[in-house]
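Participant: This is entry04.cif (mmCIF, C-alpha atoms and all ligand atoms).
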```cif
data_model
loop_
_atom_site.label_atom_id
_atom_site.label_comp_id
_atom_site.auth_asym_id
_atom_site.auth_seq_id
_atom_site.Cartn_x
_atom_site.Cartn_y
_atom_site.Cartn_z
CA VAL A 253 0.00 0.00 0.00
CA SER A 254 1.31 3.38 -0.86
CA THR A 255 -0.12 6.89 -0.92
CA LEU A 256 1.61 9.83 -2.51
CA THR A 257 0.31 13.37 -2.72
CA VAL A 258 0.47 15.87 -5.52
CA SER A 259 0.07 19.44 -4.29
CA LEU A 260 -0.73 22.13 -6.76
CA PRO A 261 -0.38 25.83 -5.94
CA PRO A 262 -3.59 27.65 -4.95
CA ASN A 263 -4.01 29.46 -8.27
CA LEU A 264 -4.52 26.14 -10.01
CA SER A 265 -6.62 24.25 -7.53
CA HIS A 266 -7.96 24.70 -4.02
CA ASP A 267 -6.26 21.60 -2.76
CA SER A 268 -3.98 18.70 -3.49
CA TYR A 269 -4.95 15.20 -4.46
CA PRO A 270 -3.79 11.77 -3.33
CA ILE A 271 -2.41 9.04 -5.56
CA HIS A 272 -3.29 5.73 -3.99
CA LEU A 273 -1.39 2.68 -5.20
CA GLU A 274 -2.33 -0.83 -4.12
CA TYR A 275 -3.03 -4.27 -5.60
CA GLY A 276 -6.80 -4.74 -5.27
CA ALA A 277 -7.54 -1.00 -4.86
CA LEU A 278 -10.38 -1.24 -7.41
CA ARG A 279 -12.40 -3.66 -5.29
CA LYS A 280 -12.11 -1.51 -2.16
CA LEU A 281 -12.57 1.91 -3.74
CA SER A 282 -15.21 3.16 -1.31
CA SER A 283 -12.91 2.49 1.63
CA LEU A 284 -10.24 4.65 -0.05
CA ILE A 285 -12.42 7.55 -1.06
CA ASP A 286 -15.78 8.64 0.29
CA LEU A 287 -18.35 8.45 -2.49
CA SER A 288 -21.42 8.80 -0.26
CA ALA A 289 -21.72 12.60 -0.49
CA TYR A 290 -22.09 12.57 -4.28
CA SER A 291 -25.56 12.81 -5.79
CA GLN A 292 -24.57 10.35 -8.48
CA VAL A 293 -21.66 8.21 -9.65
CA VAL A 294 -20.92 7.95 -13.38
CA VAL A 295 -18.16 5.71 -14.76
CA CYS A 296 -16.52 6.55 -18.08
CA THR A 297 -14.64 3.64 -19.64
CA ASP A 298 -14.06 1.98 -23.01
CA THR A 299 -15.46 -1.20 -24.53
CA THR A 300 -12.13 -3.07 -24.18
CA VAL A 301 -11.63 -2.28 -20.49
CA ALA A 302 -15.26 -2.64 -19.36
CA PRO A 303 -15.61 -6.45 -19.70
CA TYR A 304 -12.53 -7.00 -17.51
CA TRP A 305 -12.82 -4.35 -14.85
CA ILE A 306 -16.35 -2.95 -14.46
CA LEU A 307 -17.38 -5.83 -12.21
CA PRO A 308 -14.45 -5.47 -9.76
CA LEU A 309 -15.03 -1.70 -9.78
CA SER A 310 -18.73 -2.15 -9.03
CA GLN A 311 -17.73 -4.10 -5.90
CA GLY A 312 -15.60 -1.11 -4.95
CA ILE A 313 -18.23 1.57 -5.64
CA GLN A 314 -20.86 -0.16 -3.46
CA ARG A 315 -23.77 1.89 -4.74
CA ALA A 316 -25.74 2.36 -7.96
CA PHE A 317 -23.87 3.98 -10.82
CA THR A 318 -24.18 4.67 -14.55
CA THR A 319 -21.60 3.46 -17.08
CA ILE A 320 -20.68 5.31 -20.25
CA SER A 321 -18.63 2.99 -22.46
CA LEU A 322 -16.76 4.66 -25.33
CA GLU A 323 -15.02 3.17 -28.37
CA PRO A 324 -11.34 2.54 -27.53
CA GLY A 325 -8.38 4.19 -29.19
CA GLU A 326 -6.67 7.51 -29.83
CA ARG A 327 -8.79 8.24 -32.90
CA HIS A 328 -11.80 8.61 -30.61
CA LYS A 329 -10.07 11.20 -28.41
CA ASN A 330 -11.89 13.92 -30.30
CA ILE A 331 -14.61 16.54 -30.10
CA ALA A 332 -17.33 14.11 -31.26
CA THR A 333 -16.64 11.73 -28.36
CA LEU A 334 -16.39 14.65 -25.95
CA GLN A 335 -19.78 15.92 -27.11
CA ARG A 336 -21.23 12.44 -26.63
CA LEU A 337 -19.83 12.35 -23.11
CA TRP A 338 -21.31 15.77 -22.23
CA GLU A 339 -24.66 14.71 -23.71
CA GLU A 340 -24.70 11.41 -21.83
CA LEU A 341 -23.94 13.23 -18.58
CA ALA A 342 -26.85 15.57 -19.30
CA ALA A 343 -29.08 12.62 -20.25
CA VAL A 344 -28.59 10.99 -16.83
CA ASN A 345 -29.20 14.37 -15.16
CA ALA A 346 -25.69 14.65 -13.81
CA ASP A 347 -25.51 17.73 -11.56
CA ARG A 348 -22.66 19.59 -9.87
CA LYS A 349 -22.55 16.97 -7.14
CA THR A 350 -21.97 14.12 -9.57
CA VAL A 351 -18.59 12.40 -9.63
CA LEU A 352 -17.11 11.00 -12.84
CA ILE A 353 -14.82 7.98 -12.47
CA ASN A 354 -12.53 7.49 -15.47
CA LEU A 355 -11.58 3.83 -15.78
CA GLY A 356 -9.18 3.17 -18.64
CA GLY A 357 -5.97 4.19 -20.37
CA GLY A 358 -4.71 7.67 -21.09
CA VAL A 359 -7.36 8.26 -23.74
CA ILE A 360 -10.20 7.75 -21.25
CA GLY A 361 -8.37 9.76 -18.59
CA ASP A 362 -7.74 12.72 -20.90
CA LEU A 363 -11.26 12.69 -22.41
CA GLY A 364 -13.12 12.02 -19.18
CA GLY A 365 -10.99 14.50 -17.26
CA PHE A 366 -11.69 17.21 -19.82
CA ALA A 367 -15.42 16.40 -19.93
CA ALA A 368 -15.58 16.59 -16.12
CA SER A 369 -13.60 19.81 -15.95
CA THR A 370 -15.98 21.53 -18.38
CA TYR A 371 -19.39 19.96 -17.65
CA MET A 372 -21.32 22.52 -15.56
CA ARG A 373 -18.02 24.43 -15.30
CA GLY A 374 -16.42 21.50 -13.56
CA ILE A 375 -17.47 18.46 -11.57
CA ASP A 376 -15.32 16.15 -9.46
CA PHE A 377 -13.52 13.31 -11.18
CA ILE A 378 -11.40 10.35 -10.12
CA GLN A 379 -8.77 8.78 -12.34
CA ILE A 380 -8.43 5.00 -12.30
CA PRO A 381 -5.74 4.35 -14.92
CA THR A 382 -5.61 0.81 -16.32
CA THR A 383 -2.57 0.93 -18.64
CA LEU A 384 1.00 1.12 -17.36
CA LEU A 385 1.46 4.33 -19.35
CA ALA A 386 -1.55 5.94 -17.73
CA GLN A 387 -0.56 4.72 -14.24
CA VAL A 388 2.93 6.21 -14.37
CA ASP A 389 2.32 9.19 -16.61
CA ALA A 390 -1.04 10.27 -18.05
CA SER A 391 -3.06 10.17 -14.81
CA ILE A 392 -0.61 12.37 -12.91
CA GLY A 393 -0.17 16.07 -13.44
CA GLY A 394 -3.66 17.33 -14.17
CA LYS A 395 -3.45 17.65 -17.94
CA THR A 396 -6.66 16.75 -19.75
CA GLY A 397 -7.80 17.24 -23.32
CA ILE A 398 -8.57 16.02 -26.82
CA ASP A 399 -6.96 15.94 -30.27
CA LEU A 400 -8.19 18.31 -32.97
CA GLY A 401 -7.51 18.54 -36.70
CA GLY A 402 -4.82 15.86 -36.52
CA ILE A 403 -2.93 17.65 -33.73
CA LYS A 404 -2.59 15.74 -30.47
CA ASN A 405 -3.86 17.38 -27.31
CA LEU A 406 -4.55 20.67 -29.09
CA VAL A 407 -7.51 21.54 -26.85
CA GLY A 408 -7.58 20.87 -23.14
CA ALA A 409 -7.26 22.16 -19.62
CA PHE A 410 -5.19 21.74 -16.51
CA ALA A 411 -7.68 20.11 -14.14
CA PRO A 412 -6.71 18.21 -11.00
CA PRO A 413 -8.68 15.05 -10.18
CA ARG A 414 -10.05 14.41 -6.66
CA ALA A 415 -7.84 11.33 -6.52
CA VAL A 416 -5.84 8.91 -8.62
CA ILE A 417 -6.41 5.27 -7.73
CA ILE A 418 -3.86 2.85 -9.17
CA ASP A 419 -4.51 -0.87 -9.05
CA PRO A 420 -1.65 -2.78 -10.74
CA GLU A 421 -3.97 -5.81 -10.86
CA THR A 422 -5.65 -4.18 -13.87
CA LEU A 423 -2.42 -4.61 -15.85
CA LYS A 424 -2.98 -8.38 -15.89
CA SER A 425 -5.28 -7.98 -18.91
CA LEU A 426 -3.02 -5.52 -20.71
CA PRO A 427 -1.35 -6.79 -23.92
CA ALA A 428 2.47 -7.19 -23.58
CA ARG A 429 3.15 -4.61 -26.25
CA GLU A 430 1.11 -1.99 -24.36
CA PHE A 431 2.94 -2.93 -21.17
CA ARG A 432 6.37 -2.36 -22.76
CA SER A 433 5.16 0.97 -24.12
CA GLY A 434 4.47 2.09 -20.55
CA LEU A 435 7.88 0.84 -19.48
CA ALA A 436 9.43 3.44 -21.81
CA GLU A 437 8.07 6.30 -19.67
CA ILE A 438 9.36 4.58 -16.53
CA ILE A 439 12.80 4.37 -18.14
CA LYS A 440 12.51 8.07 -18.98
CA HIS A 441 11.78 8.93 -15.34
CA GLY A 442 14.95 7.08 -14.37
CA LEU A 443 17.09 8.75 -17.02
CA ILE A 444 16.09 12.29 -16.05
CA ASN A 445 16.14 11.75 -12.33
CA ASP A 446 17.61 8.59 -10.82
CA ARG A 447 20.20 6.19 -12.20
CA ALA A 448 19.45 3.24 -9.88
CA TYR A 449 15.78 3.49 -10.78
CA PHE A 450 16.69 3.53 -14.49
CA GLU A 451 18.66 0.30 -14.03
CA CYS A 452 15.78 -1.33 -12.18
CA ALA A 453 13.36 -0.29 -14.97
CA CYS A 454 15.53 -1.90 -17.65
CA ALA A 455 16.20 -5.11 -15.75
CA SER A 456 13.22 -7.00 -17.20
CA SER A 457 10.31 -6.61 -19.59
CA HIS A 458 8.26 -8.82 -17.23
CA PRO A 459 8.87 -7.50 -13.70
CA ASP A 460 7.38 -9.53 -10.85
CA ASP A 461 4.53 -8.03 -8.77
CA ALA A 462 6.79 -6.56 -6.10
CA THR A 463 9.16 -4.95 -8.61
CA LEU A 464 6.25 -3.63 -10.63
CA LEU A 465 4.77 -2.01 -7.53
CA LYS A 466 8.15 -0.42 -6.79
CA LEU A 467 8.46 0.85 -10.36
CA ILE A 468 4.98 2.37 -10.46
CA GLU A 469 5.54 4.01 -7.09
CA GLY A 470 8.92 5.36 -8.17
CA SER A 471 7.54 6.85 -11.36
CA CYS A 472 4.55 8.40 -9.63
CA ALA A 473 6.87 9.91 -7.05
CA ILE A 474 9.21 11.34 -9.68
CA LYS A 475 6.41 12.74 -11.85
CA ALA A 476 4.47 14.03 -8.84
CA ALA A 477 7.54 15.85 -7.49
CA ILE A 478 8.23 17.46 -10.85
CA VAL A 479 4.66 18.58 -11.56
CA THR A 480 4.26 19.85 -8.02
CA ALA A 481 7.37 21.97 -8.43
CA ASP A 482 6.31 23.25 -11.86
CA PRO A 483 2.63 22.56 -12.61
CA THR A 484 2.39 24.75 -15.73
CA GLU A 485 5.66 23.77 -17.41
CA LYS A 486 7.62 26.96 -17.01
CA GLY A 487 10.87 25.12 -16.32
CA MET A 488 11.61 21.85 -14.58
CA ARG A 489 8.53 20.06 -15.95
CA LYS A 490 10.26 20.21 -19.35
CA LEU A 491 12.50 17.40 -18.07
CA LEU A 492 9.53 15.12 -18.76
CA ASN A 493 9.87 15.97 -22.45
CA PHE A 494 13.06 13.93 -22.73
CA GLY A 495 12.74 11.64 -25.75
CA HIS A 496 9.59 13.45 -26.87
CA THR A 497 10.92 16.02 -29.37
CA LEU A 498 12.14 13.40 -31.82
CA GLY A 499 9.79 10.77 -30.41
CA HIS A 500 6.63 12.73 -31.24
CA ALA A 501 7.82 13.33 -34.80
CA VAL A 502 8.59 9.61 -35.26
CA GLU A 503 5.22 8.73 -33.70
CA SER A 504 3.19 11.06 -35.90
CA LEU A 505 4.88 9.84 -39.12
CA ALA A 506 4.43 6.22 -38.05
CA LEU A 507 0.73 6.80 -37.41
CA GLU A 508 0.31 7.69 -41.09
CA SER A 509 2.18 4.57 -42.22
CA PRO A 510 1.02 0.93 -42.37
CA HIS A 511 3.12 0.27 -39.23
CA PRO A 512 1.99 2.64 -36.47
CA LEU A 513 4.05 2.78 -33.30
CA LEU A 514 2.68 2.98 -29.77
CA HIS A 515 3.56 6.18 -27.92
CA GLY A 516 6.12 4.52 -25.65
CA GLU A 517 7.77 2.78 -28.60
CA ALA A 518 8.27 6.11 -30.36
CA ILE A 519 9.56 7.63 -27.12
CA ALA A 520 12.03 4.77 -26.73
CA ILE A 521 13.45 5.68 -30.15
CA GLY A 522 13.37 9.37 -29.22
CA MET A 523 15.30 8.71 -26.00
CA CYS A 524 18.04 6.77 -27.83
CA LEU A 525 18.46 9.56 -30.37
CA GLU A 526 18.28 12.39 -27.85
CA ALA A 527 20.89 10.59 -25.73
CA ARG A 528 23.12 10.48 -28.83
CA LEU A 529 22.46 14.19 -29.37
CA SER A 530 23.40 14.81 -25.73
CA ALA A 531 26.69 13.01 -26.38
CA ARG A 532 27.31 14.86 -29.66
CA VAL A 533 27.02 18.26 -27.97
CA GLY A 534 29.39 17.14 -25.21
CA LEU A 535 26.90 16.87 -22.35
CA LEU A 536 26.74 13.08 -21.94
CA SER A 537 29.51 10.50 -22.38
CA GLU A 538 29.41 8.30 -25.50
CA ASP A 539 29.54 5.35 -23.16
CA ALA A 540 26.41 6.38 -21.29
CA SER A 541 24.60 7.02 -24.56
CA GLU A 542 25.42 3.51 -25.79
CA GLN A 543 24.33 2.06 -22.47
CA ILE A 544 20.90 3.63 -22.97
CA THR A 545 20.42 2.08 -26.41
CA THR A 546 21.50 -1.33 -25.09
CA ALA A 547 19.17 -1.16 -22.08
CA ILE A 548 16.18 -0.05 -24.15
CA ALA A 549 16.76 -2.84 -26.68
CA ARG A 550 16.97 -5.38 -23.84
CA VAL A 551 13.40 -4.75 -22.69
CA GLY A 552 12.19 -5.23 -26.26
CA LEU A 553 11.62 -1.61 -27.23
CA PRO A 554 12.79 -0.20 -30.57
CA THR A 555 15.94 1.96 -30.66
CA GLU A 556 16.15 3.28 -34.24
CA ILE A 557 13.90 5.36 -36.49
CA PRO A 558 11.88 3.11 -38.86
CA TYR A 559 13.90 2.96 -42.09
CA THR A 560 10.85 4.01 -44.09
CA GLN A 561 10.76 7.50 -42.55
CA SER A 562 12.37 10.42 -44.34
CA PRO A 563 14.70 12.81 -42.51
CA GLU A 564 13.04 15.82 -44.18
CA ALA A 565 9.57 14.78 -42.99
CA LEU A 566 10.88 14.21 -39.45
CA ILE A 567 12.52 17.61 -39.29
CA LYS A 568 9.37 19.26 -40.59
CA ARG A 569 7.27 17.55 -37.90
CA MET A 570 9.67 18.64 -35.19
CA SER A 571 9.37 22.25 -36.27
CA HIS A 572 5.61 22.09 -35.54
CA ASP A 573 6.15 20.95 -31.96
CA LYS A 574 4.26 22.80 -29.21
CA LYS A 575 7.46 22.78 -27.16
CA ASN A 576 9.25 25.16 -29.55
CA SER A 577 9.80 28.71 -28.55
CA HIS A 578 10.40 31.60 -30.98
CA GLY A 579 10.70 29.16 -33.89
CA GLU A 580 13.58 27.29 -32.30
CA ILE A 581 13.54 23.71 -31.05
CA ARG A 582 14.24 23.53 -27.31
CA TRP A 583 15.69 20.15 -26.38
CA THR A 584 15.63 18.31 -23.10
CA LEU A 585 18.94 16.44 -22.94
CA LEU A 586 20.93 14.32 -20.50
CA LYS A 587 24.07 15.26 -18.57
CA THR A 588 24.46 11.86 -16.95
CA LEU A 589 22.36 8.72 -16.52
CA GLY A 590 19.94 10.18 -13.99
CA GLU A 591 20.22 13.89 -14.70
CA GLY A 592 18.47 15.90 -17.39
CA VAL A 593 18.72 19.51 -18.56
CA TRP A 594 16.15 21.53 -20.52
CA ASP A 595 15.92 24.39 -23.03
CA HIS A 596 18.98 23.42 -25.04
CA THR A 597 19.42 24.41 -28.67
CA ILE A 598 21.41 22.20 -31.03
CA PRO A 599 22.90 23.08 -34.44
CA GLN A 600 20.71 21.67 -37.22
CA GLU A 601 23.65 19.75 -38.82
CA VAL A 602 24.15 17.76 -35.63
CA VAL A 603 20.47 16.81 -35.53
CA ASN A 604 20.57 15.84 -39.23
CA ASP A 605 23.66 13.68 -38.64
CA VAL A 606 22.18 11.76 -35.73
CA ILE A 607 18.95 11.15 -37.65
CA ALA A 608 20.87 9.98 -40.75
CA ALA A 609 23.01 7.59 -38.70
CA SER A 610 19.94 6.02 -37.08
CA LEU A 611 18.21 5.57 -40.44
CA LYS A 612 21.35 3.88 -41.78
CA THR A 613 21.49 1.45 -38.84
CA SER A 614 17.80 0.77 -39.27
CA LEU A 615 18.15 0.08 -42.99
CA HIS A 616 21.05 -2.33 -42.37
CA ALA A 617 19.08 -4.19 -39.73
CA GLN A 618 16.19 -4.46 -42.19
CA LYS A 619 18.46 -5.92 -44.90
CA ASP A 620 19.98 -8.42 -42.44
CA ALA A 621 16.54 -9.57 -41.32
N1 LIG B 1 -2.53 13.87 -19.60
C1 LIG B 1 -1.25 13.58 -19.67
O1 LIG B 1 -0.41 14.15 -18.97
C2 LIG B 1 -0.81 12.51 -20.61
C3 LIG B 1 0.49 12.00 -20.52
C4 LIG B 1 0.85 10.95 -21.37
C5 LIG B 1 -0.07 10.47 -22.29
N2 LIG B 1 -1.31 11.00 -22.37
C6 LIG B 1 -2.29 10.51 -23.33
O2 LIG B 1 -2.58 9.15 -23.05
C7 LIG B 1 -2.98 8.49 -24.23
C8 LIG B 1 -2.27 7.18 -24.34
O3 LIG B 1 -2.61 6.39 -23.22
P1 LIG B 1 -2.58 4.81 -23.25
O4 LIG B 1 -1.27 4.36 -23.74
O5 LIG B 1 -3.05 4.36 -21.94
O6 LIG B 1 -3.60 4.47 -24.44
P2 LIG B 1 -5.13 4.02 -24.48
O7 LIG B 1 -5.93 4.72 -23.48
O8 LIG B 1 -5.53 4.14 -25.90
O9 LIG B 1 -5.04 2.48 -24.09
C9 LIG B 1 -4.37 1.58 -24.94
C10 LIG B 1 -5.25 0.38 -25.29
O10 LIG B 1 -5.30 -0.50 -24.17
C11 LIG B 1 -6.66 -0.81 -23.85
N3 LIG B 1 -6.65 -1.03 -22.40
C12 LIG B 1 -6.59 -0.11 -21.42
N4 LIG B 1 -6.49 -0.71 -20.23
C13 LIG B 1 -6.51 -2.03 -20.46
C14 LIG B 1 -6.43 -3.17 -19.61
N5 LIG B 1 -6.25 -3.05 -18.30
N6 LIG B 1 -6.51 -4.40 -20.18
C15 LIG B 1 -6.64 -4.54 -21.53
N7 LIG B 1 -6.70 -3.50 -22.37
C16 LIG B 1 -6.63 -2.27 -21.84
C17 LIG B 1 -7.44 0.37 -24.32
O11 LIG B 1 -8.77 0.00 -24.59
C18 LIG B 1 -6.69 0.75 -25.60
O12 LIG B 1 -7.12 -0.05 -26.66
C19 LIG B 1 -2.66 9.44 -25.37
O13 LIG B 1 -3.85 10.01 -25.84
C20 LIG B 1 -1.78 10.49 -24.74
O14 LIG B 1 -1.92 11.76 -25.34
C21 LIG B 1 -1.69 12.00 -21.54
ZN ZN B 2 5.09 10.39 -23.23
#
```
Please express what this file holds, its structure, as structure tokens.
Ligand SMILES: NC(=O)c1ccc[n+]([C@@H]2O[C@H](COP(=O)([O-])OP(=O)(O)OC[C@H]3O[C@@H](n4cnc5c(N)ncnc54)[C@H](O)[C@@H]3O)[C@@H](O)[C@H]2O)c1
Ligand SMILES: [Zn+2]

Facilitator:
Amino acid sequence: VSTLTVSLPPNLSHDSYPIHLEYGALRKLSSLIDLSAYSQVVVCTDTTVAPYWILPLSQGIQRAFTTISLEPGERHKNIATLQRLWEELAAVNADRKTVLINLGGGVIGDLGGFAASTYMRGIDFIQIPTTLLAQVDASIGGKTGIDLGGIKNLVGAFAPPRAVIIDPETLKSLPAREFRSGLAEIIKHGLINDRAYFECACASSHPDDATLLKLIEGSCAIKAAIVTADPTEKGMRKLLNFGHTLGHAVESLALESPHPLLHGEAIAIGMCLEARLSARVGLLSEDASEQITTAIARVGLPTEIPYTQSPEALIKRMSHDKKNSHGEIRWTLLKTLGEGVWDHTIPQEVVNDVIAASLKTSLHAQKDA
């Protein structure tokens, strides 16, 4: 059992919220958080998660509730689904005293969180993340939102939940590929903050229950500390962008190809390349950079840009990144294994070189296969 707290400054929220982590938390929800004062309980989930986890959750809620089950997947994280969610809340006469419980991956958390933060100018919501990625990343930090016009997370709000309830039991139904994708963000937390934790994260792609609990707790603690220190991403929170500048570009190109990558897979590639960039500009040792690629490969995550992607297209995508400032790419890089730095600029030739080298390695591997 473990409880962490994220405190946000008063201008963002009136209070802080607990993150409760425990095997079996779902089935004992009402002993963890008092649901009795709410006029109504509504659960927002998706049609993949519902068959596995609505029943255990209903044992935890211990009172009548309504379920809204959405189609799964990123392509439904849009305005049409959001409208449906608002309309369904209205249809069940949800009022200001209604609580929305979001049971699912990051898509459900982002959509449900945004719906709750806007319905009647904001009702309470509880995040119950059911993917590893959502447990260690998406559910913490108060960002909610939807995609619009092909741009991820273009519209949204900072909105703290009442609580985040993490039950690692729910990961038992998660496909292995989704699990590894979440592991990439755990590895990132280690790389920017804590070397020993990084090594623990890379030790196995199938951690046992006790190690998994330790990893989820470690990541929640690292992310919670960072977002508490910098809730609106003025400085330190940019550390969390490590691997994401190149990673997002790789991810968005892959999504348009016949071989889409999961978010964590693209971030794994981004981390390998951004570690190499860190070495090229003299921040990180070559040795450490190679160690990162080796460790990421060992857990079964990709380490090179898909050979089908073009360097020009990648560079163009990066220039559209929300993280840019005054038309310049601001990189989060590594100084050592366990310490990141933010707001770095890098000469374009160096970026081009590192991308070209990765594509070459990737093409060779393809020919050998
Ligand atoms: N708000 C934030 O700070 C933040 C941070 C990182 C990512 N995100 C967002 O999170 C989303 C990605 O989250 P995700 O990786 O969880 O994707 P997801 O929500 O699409 O879930 C992945 C797939 O796993 C299924 N699934 C979920 N839980 C399951 C379970 N326990 N068993 C079996 N199947 C299960 C889902 O139905 C879905 O098909 C993106 O939209 C991203 O933008 C938000
Ligand atoms: Zn990410």

Participant: May I ask which of the residues A:Arg447, A:Arg582, A:Arg432, A:Arg489 is the closest one to Ala540 (chain A), counting all atoms listed in the file?

Facilitator: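 The shortest atom-to-atom distance to Ala540 (chain A) comes from A:Arg447.
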
Participant: Can you pull out every residue within 9 Å of Pro563 (chain A), counting all atoms listed in the file, but drop anything in the same chain fewer than 3 positions away, and send it as a compact mmCIF listing (two decimals) with C-alpha atoms, keeping the file's coordinate frame?

Facilitator:
```txt
# COMPACT_ATOMS: atom_id res chain seq x y z
CA LEU A 566 10.88 14.21 -39.45
CA ILE A 567 12.52 17.61 -39.29
CA LYS A 568 9.37 19.26 -40.59
CA ASN A 604 20.57 15.84 -39.23
CA ILE A 607 18.95 11.15 -37.65
CA ALA A 608 20.87 9.98 -40.75
CA LEU A 611 18.21 5.57 -40.44
```

Participant: Identify the residues around (-16.5, 12.9, -33.0) within a radius of 12 Å, measuring from only C-alpha atoms in the coordinates stated by the file, and give them as a PyMOL selection string.

Facilitator: chain A and resi 322-323+326-337+363+398-401

Participant: So, counting all atoms listed in the file, which residue among A:Ser310, A:Ser433, A:Ser562, A:Ser283 is closest to ligand LIG 1 (chain B)?

Facilitator: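 So, comparing all the options, the nearest one is A:Ser433.
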
Participant: Counting only C-alpha atoms, select every polymer residue within 8 Å of (-19.8, 7.5, -10.0) as defined in the file's coordinates, and provide the selection as a list in words.

Facilitator: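 Protein and nucleic acid residues near the point are Leu287, Tyr290, Gln292, Val293, Val294, Val295, Ile313, Phe317, Thr318, Thr350, Val351, Leu352 and Ile353 of chain A.
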
Participant: Can you work out which one of A:Ile468, A:Ile375, A:Leu281, A:Val416 has the shortest atom-to-atom distance to Gln311 (chain A), counting all atoms listed in the file?

Facilitator: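 That would be A:Leu281, the residue with the smallest distance to Gln311 (chain A).
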
Participant: Looking at A:Ile474, A:Leu443, A:Ile285, A:Met570, which one is nearest to His496 (chain A), with distances taken over all atoms listed in the file?

Facilitator: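 Counting all atoms listed in the file, the residue closest to His496 (chain A) is A:Met570.
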
Participant: At what distance in Å, to one decimal, does CA of Leu553 (chain A) lie from atom P1 of ligand LIG 1 (chain B)?

Facilitator: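 According to the coordinates, atom P1 of ligand LIG 1 (chain B) and CA of Leu553 (chain A) are separated by 16.1 Å.
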
Participant: Between A:Gly361, A:Gly534, A:Gly499, A:Gly552, which is the closest to His458 (chain A) once you count all atoms listed in the file?

Facilitator: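 Nearest candidate to His458 (chain A) out of A:Gly361, A:Gly534, A:Gly499, A:Gly552: A:Gly552.
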
Participant: Between CA of Gly358 (chain A) and CA of Phe410 (chain A), what distance in Å does the model show, to one decimal?

Facilitator: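 According to the coordinates, CA of Gly358 (chain A) and CA of Phe410 (chain A) are separated by 14.8 Å.
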
Participant: Which residue out of A:Ser425, A:Ser614, A:Gln543, A:Thr555 has the minimum interatomic distance to ligand LIG 1 (chain B) when only C-alpha atoms and all ligand atoms are used?

Facilitator: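 Of all the options, A:Ser425 lies closest to ligand LIG 1 (chain B).
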
Participant: Could the residues that lie within 8 Å of ligand LIG 1 (chain B), counting all atoms listed in the file, be listed as an NGL selection string?

Facilitator: :A and (298-301 or 304-305 or 323-326 or 329 or 356-362 or 381-386 or 389-398 or 404-405 or 422-427 or 430 or 433-434 or 514-516)

Participant: Separation of CA of Leu341 (chain A) and CA of Ile320 (chain A), in Å?

Facilitator: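 Taking CA of Leu341 (chain A) as the start and CA of Ile320 (chain A) as the end point, the length is 8.7 Å.
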
Participant: Can you tell me which residues surround Gly374 (chain A) at a distance of at most 8 Å, considering all atoms listed in the file, apart from same-chain residues fewer than 5 positions away, and format the answer as a list of chain:residue names?

Facilitator: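 Within the cut-off, the hits are A:Arg348, A:Ala368, A:Ser369.
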